[in-house]
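Participant: Pasting a structure here, questions to come.
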Amino acid sequence: MAPPTETTSPPPTAPASQEPPPIWFLAPEGFFALPLAATPEERADLSHSFVRELYSCGDENIWEPAAPYYAAMAEMMAGTGVSYSAMGLFSTADEGGDGRAVTQDAGTQDGQVVRHEGADGVAQCALTVAAVPTDQADADTDVVAQGILAILSGDEYNDARWLDLPCGPAVSCVTLREYGIKPELTETGEQVDLLTGQIQVHVPFPTGPFTAVFTLHTASMDYWTEFCDLMSAVLQTVSFTDPTESAEGSEGAKGATESQA
């Protein structure tokens, strides 16, 4: 996959007595962040640029009716604690000849991003980041993670595991669900069973009484391994301190798109 671009999750909103501290992470190219913002005016402005990026081969006939829809989606997320929500669209064009390609866009041409054609195949996922208030002292991230692991492990359908991330302890939980789609909603007129997968990772804040919850959900299960690898790569970049402060002036900071929380 192509090198990631930097995404800063702004201070998430959550039903707590204080605002959560900021959190930073890198989201790979191929993710299109929904227009989350505090006011309707901001959401409307962001939605217009969002649809032009998402439907880059479209025109005003597509963009104009789509923008209010995504602005409304962003409004529905207000107050839920979700600070980042994105759609992941990846081409499954077999670039390597092995039938397993999941790739981002094909670079740029004349300053414009060159998109793979959707007819070549697309694997989709959704990625969200939310902040959940937790009763903890700043230094008790291990205790919080142990409690989360104990709770999630109580469900026999959860694959809950302890993670040691560069930013601190975390707990991952993988669940697979099968849904029956009614015959009237399928192309064949027969019921179809749809298998979906979800990876959810709980990362306690060391800077305040909150836990960050990263959730990746997909129905493109043929590419489950690739999405697991993608989620793992995102988690390795999570930081509760501004990474640009230590990377300022370094060669590794080149090529990243900086965003301020």
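How things are named: the first chain in the structure tokens is A, the next is B, and so on; residues count from 1 in each chain; ligands count from 1 in the order shown.
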Could you list, as number ranges by chain, every residue within 7 Å of A:Leu89, counting only C-alpha atoms and ignoring same-chain residues fewer than 3 positions away?
Facilitator: A: 30-31, 122-125
Participant: Compile the contact shell of stretch 126-129 of chain A as a ChimeraX atom specification: residues with an atom at most 7 Å away, counting only C-alpha atoms, same-chain residues fewer than 3 positions apart removed.
Facilitator: /A:82-88,212-218
Participant: Would you mind exporting N, CA, C and O atoms of the selected residues as a PDB file, in the first residue's frame?
Facilitator:
```pdb
ATOM      1  N   VAL A  82     -17.597  10.485  18.501  1.00  0.00           N
ATOM      2  CA  VAL A  82     -16.826  10.180  17.299  1.00  0.00           C
ATOM      3  C   VAL A  82     -16.104  11.443  16.835  1.00  0.00           C
ATOM      4  O   VAL A  82     -16.729  12.478  16.603  1.00  0.00           O
ATOM      5  N   SER A  83     -14.786  11.375  16.728  1.00  0.00           N
ATOM      6  CA  SER A  83     -14.007  12.530  16.295  1.00  0.00           C
ATOM      7  C   SER A  83     -13.436  12.335  14.896  1.00  0.00           C
ATOM      8  O   SER A  83     -12.974  13.292  14.282  1.00  0.00           O
ATOM      9  N   TYR A  84     -13.460  11.110  14.404  1.00  0.00           N
ATOM     10  CA  TYR A  84     -12.956  10.825  13.055  1.00  0.00           C
ATOM     11  C   TYR A  84     -13.775   9.680  12.493  1.00  0.00           C
ATOM     12  O   TYR A  84     -13.979   8.654  13.141  1.00  0.00           O
ATOM     13  N   SER A  85     -14.264   9.875  11.270  1.00  0.00           N
ATOM     14  CA  SER A  85     -15.023   8.825  10.599  1.00  0.00           C
ATOM     15  C   SER A  85     -14.681   8.892   9.121  1.00  0.00           C
ATOM     16  O   SER A  85     -14.743   9.975   8.514  1.00  0.00           O
ATOM     17  N   ALA A  86     -14.301   7.762   8.538  1.00  0.00           N
ATOM     18  CA  ALA A  86     -13.857   7.778   7.150  1.00  0.00           C
ATOM     19  C   ALA A  86     -14.309   6.522   6.422  1.00  0.00           C
ATOM     20  O   ALA A  86     -14.484   5.451   7.020  1.00  0.00           O
ATOM     21  N   MET A  87     -14.496   6.680   5.127  1.00  0.00           N
ATOM     22  CA  MET A  87     -14.773   5.564   4.238  1.00  0.00           C
ATOM     23  C   MET A  87     -13.459   5.167   3.575  1.00  0.00           C
ATOM     24  O   MET A  87     -12.742   6.019   3.046  1.00  0.00           O
ATOM     25  N   GLY A  88     -13.163   3.883   3.586  1.00  0.00           N
ATOM     26  CA  GLY A  88     -11.963   3.385   2.925  1.00  0.00           C
ATOM     27  C   GLY A  88     -12.338   2.681   1.631  1.00  0.00           C
ATOM     28  O   GLY A  88     -13.119   1.729   1.647  1.00  0.00           O
ATOM     29  N   ALA A 212      -9.556   5.866  23.850  1.00  0.00           N
ATOM     30  CA  ALA A 212      -9.796   5.990  22.413  1.00  0.00           C
ATOM     31  C   ALA A 212     -10.240   4.637  21.868  1.00  0.00           C
ATOM     32  O   ALA A 212      -9.665   3.600  22.208  1.00  0.00           O
ATOM     33  N   VAL A 213     -11.279   4.651  21.043  1.00  0.00           N
ATOM     34  CA  VAL A 213     -11.796   3.413  20.458  1.00  0.00           C
ATOM     35  C   VAL A 213     -11.694   3.518  18.942  1.00  0.00           C
ATOM     36  O   VAL A 213     -12.391   4.315  18.312  1.00  0.00           O
ATOM     37  N   PHE A 214     -10.800   2.716  18.368  1.00  0.00           N
ATOM     38  CA  PHE A 214     -10.630   2.633  16.920  1.00  0.00           C
ATOM     39  C   PHE A 214     -11.461   1.453  16.417  1.00  0.00           C
ATOM     40  O   PHE A 214     -11.305   0.331  16.912  1.00  0.00           O
ATOM     41  N   THR A 215     -12.319   1.687  15.438  1.00  0.00           N
ATOM     42  CA  THR A 215     -13.176   0.631  14.907  1.00  0.00           C
ATOM     43  C   THR A 215     -13.076   0.581  13.393  1.00  0.00           C
ATOM     44  O   THR A 215     -13.323   1.579  12.714  1.00  0.00           O
ATOM     45  N   LEU A 216     -12.687  -0.570  12.878  1.00  0.00           N
ATOM     46  CA  LEU A 216     -12.688  -0.803  11.435  1.00  0.00           C
ATOM     47  C   LEU A 216     -13.692  -1.904  11.145  1.00  0.00           C
ATOM     48  O   LEU A 216     -13.640  -2.976  11.740  1.00  0.00           O
ATOM     49  N   HIS A 217     -14.615  -1.625  10.217  1.00  0.00           N
ATOM     50  CA  HIS A 217     -15.677  -2.570   9.881  1.00  0.00           C
ATOM     51  C   HIS A 217     -15.702  -2.767   8.379  1.00  0.00           C
ATOM     52  O   HIS A 217     -15.575  -1.809   7.606  1.00  0.00           O
ATOM     53  N   THR A 218     -15.848  -4.015   7.933  1.00  0.00           N
ATOM     54  CA  THR A 218     -15.873  -4.284   6.496  1.00  0.00           C
ATOM     55  C   THR A 218     -16.739  -5.489   6.176  1.00  0.00           C
ATOM     56  O   THR A 218     -16.880  -6.410   6.991  1.00  0.00           O
TER      57      THR A 218
END
```
Participant: Residues near stretch 40-50 of chain A, anyone? I mean within 9 Å using only C-alpha atoms, not counting same-chain ones fewer than 5 positions away, as a list of chain:residue names.
Facilitator: A:Phe32, A:Ala33, A:Leu34, A:Pro35, A:Tyr55, A:Trp63, A:Glu64, A:Ala66, A:Ala67, A:Pro68, A:Tyr69, A:Tyr70, A:Ala71, A:Ala72, A:Ala74, A:Glu75
Participant: I need the chosen residues saved as a short mmCIF file (atom, residue, chain, number, x, y, z; two decimals), in the first residue's frame, with N, CA, C and O atoms.
Facilitator:
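Output saved as part-v3.cif:
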```
data_model
loop_
_atom_site.label_atom_id
_atom_site.label_comp_id
_atom_site.auth_asym_id
_atom_site.auth_seq_id
_atom_site.Cartn_x
_atom_site.Cartn_y
_atom_site.Cartn_z
N PHE A 32 -11.37 8.41 3.09
CA PHE A 32 -12.01 9.70 2.84
C PHE A 32 -12.77 10.10 4.09
O PHE A 32 -13.79 9.49 4.43
N ALA A 33 -12.25 11.11 4.80
CA ALA A 33 -12.82 11.50 6.09
C ALA A 33 -14.11 12.27 5.91
O ALA A 33 -14.18 13.22 5.12
N LEU A 34 -15.15 11.87 6.65
CA LEU A 34 -16.42 12.56 6.60
C LEU A 34 -16.29 13.97 7.18
O LEU A 34 -15.41 14.22 8.01
N PRO A 35 -17.18 14.88 6.77
CA PRO A 35 -17.06 16.29 7.19
C PRO A 35 -17.55 16.54 8.60
O PRO A 35 -18.56 17.23 8.82
N TYR A 55 -15.97 11.38 -5.07
CA TYR A 55 -16.44 11.12 -6.44
C TYR A 55 -15.61 11.98 -7.40
O TYR A 55 -16.13 12.88 -8.06
N TRP A 63 -22.23 15.79 -7.29
CA TRP A 63 -21.74 16.45 -6.08
C TRP A 63 -22.82 17.22 -5.33
O TRP A 63 -22.89 17.15 -4.10
N GLU A 64 -23.65 17.95 -6.04
CA GLU A 64 -24.63 18.81 -5.39
C GLU A 64 -25.63 18.04 -4.53
O GLU A 64 -25.87 18.40 -3.38
N ALA A 66 -25.23 15.01 -3.33
CA ALA A 66 -24.53 14.15 -2.38
C ALA A 66 -24.05 14.92 -1.16
O ALA A 66 -24.03 14.39 -0.04
N ALA A 67 -23.65 16.17 -1.35
CA ALA A 67 -23.07 16.95 -0.25
C ALA A 67 -24.00 17.07 0.96
O ALA A 67 -23.57 16.83 2.09
N PRO A 68 -25.28 17.43 0.80
CA PRO A 68 -26.17 17.52 1.97
C PRO A 68 -26.33 16.18 2.70
O PRO A 68 -26.51 16.16 3.92
N TYR A 69 -26.28 15.08 1.95
CA TYR A 69 -26.42 13.76 2.58
C TYR A 69 -25.28 13.50 3.56
O TYR A 69 -25.50 13.08 4.70
N TYR A 70 -24.05 13.78 3.12
CA TYR A 70 -22.90 13.53 3.99
C TYR A 70 -22.82 14.56 5.11
O TYR A 70 -22.33 14.24 6.21
N ALA A 71 -23.30 15.76 4.87
CA ALA A 71 -23.37 16.75 5.95
C ALA A 71 -24.34 16.29 7.03
O ALA A 71 -24.10 16.45 8.23
N ALA A 72 -25.45 15.68 6.60
CA ALA A 72 -26.43 15.16 7.56
C ALA A 72 -25.86 13.99 8.35
O ALA A 72 -26.11 13.84 9.55
N ALA A 74 -22.74 13.59 9.13
CA ALA A 74 -21.82 14.17 10.10
C ALA A 74 -22.58 14.76 11.28
O ALA A 74 -22.15 14.66 12.43
N GLU A 75 -23.74 15.37 11.01
CA GLU A 75 -24.55 15.94 12.08
C GLU A 75 -25.06 14.86 13.03
O GLU A 75 -25.12 15.05 14.25
#
```
Participant: Based on DSSP run over this structure's backbone, return all residues of stretch 44-222 of chain A in alpha helix (DSSP H), as a PyMOL selection string.
Facilitator: chain A and resi 44-54+60-77+141-153
Participant: For A:Leu163, which of A:Thr188, A:Gln200, A:Thr134, A:Thr175 is the closest residue, counting only C-alpha atoms?
Facilitator: A:Gln200
Participant: Determine the nearest neighbour of A:Ser220 from the options A:Ser232, A:Ser91, A:Thr237, A:Pro166, counting only C-alpha atoms.
Facilitator: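 Ranking A:Ser232, A:Ser91, A:Thr237, A:Pro166 by distance to A:Ser220, first place goes to A:Ser91.
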Participant: Of the residues A:Asp164, A:Asp142, A:Asp159, A:Glu184, which is the one nearest to A:Gln198, using only C-alpha atoms?
Facilitator: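 Smallest distance to A:Gln198 is found for A:Asp159.
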Participant: Hey, what's within 10 Å of A:Ala145 if we count only C-alpha atoms and toss same-chain stuff fewer than 5 positions away? As a list of chain:residue names, please?
Facilitator: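 The neighbour list is A:Asp140, A:Ala150, A:Ile151, A:Trp162, A:Leu163, A:Gly168, A:Pro169, A:Ala170, A:Val171, A:Ser172, A:His202, A:Val203, A:Pro204, A:Thr211.
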Participant: Between atom CA of A:Cys173 and atom CA of A:Ala137, what distance in Å does the model show, to one decimal?
Facilitator: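 Answer for the atom CA of A:Cys173 to atom CA of A:Ala137 separation: 23.8 Å.
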Participant: What does the structure give for the distance between atom CA of A:Pro20 and atom CA of A:Pro209, in Å to one decimal?
Facilitator: 7.7 Å
Participant: Could you give me, as a VMD selection string, the residues within 7 Å of A:Arg177, counting only C-alpha atoms and dropping anything in the same chain fewer than 6 positions from it?
Facilitator: chain A and resid 195 to 197
Participant: Next, dump the selected residues to file, keeping only C-alpha atoms, as a short mmCIF file (atom, residue, chain, number, x, y, z; two decimals), in the first residue's frame.
Facilitator:
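So the final result, stored in part.cif, reads:
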```
data_model
loop_
_atom_site.label_atom_id
_atom_site.label_comp_id
_atom_site.auth_asym_id
_atom_site.auth_seq_id
_atom_site.Cartn_x
_atom_site.Cartn_y
_atom_site.Cartn_z
CA LEU A 195 -20.40 -12.04 6.46
CA THR A 196 -18.85 -8.94 8.03
CA GLY A 197 -15.81 -8.40 10.19
#
```
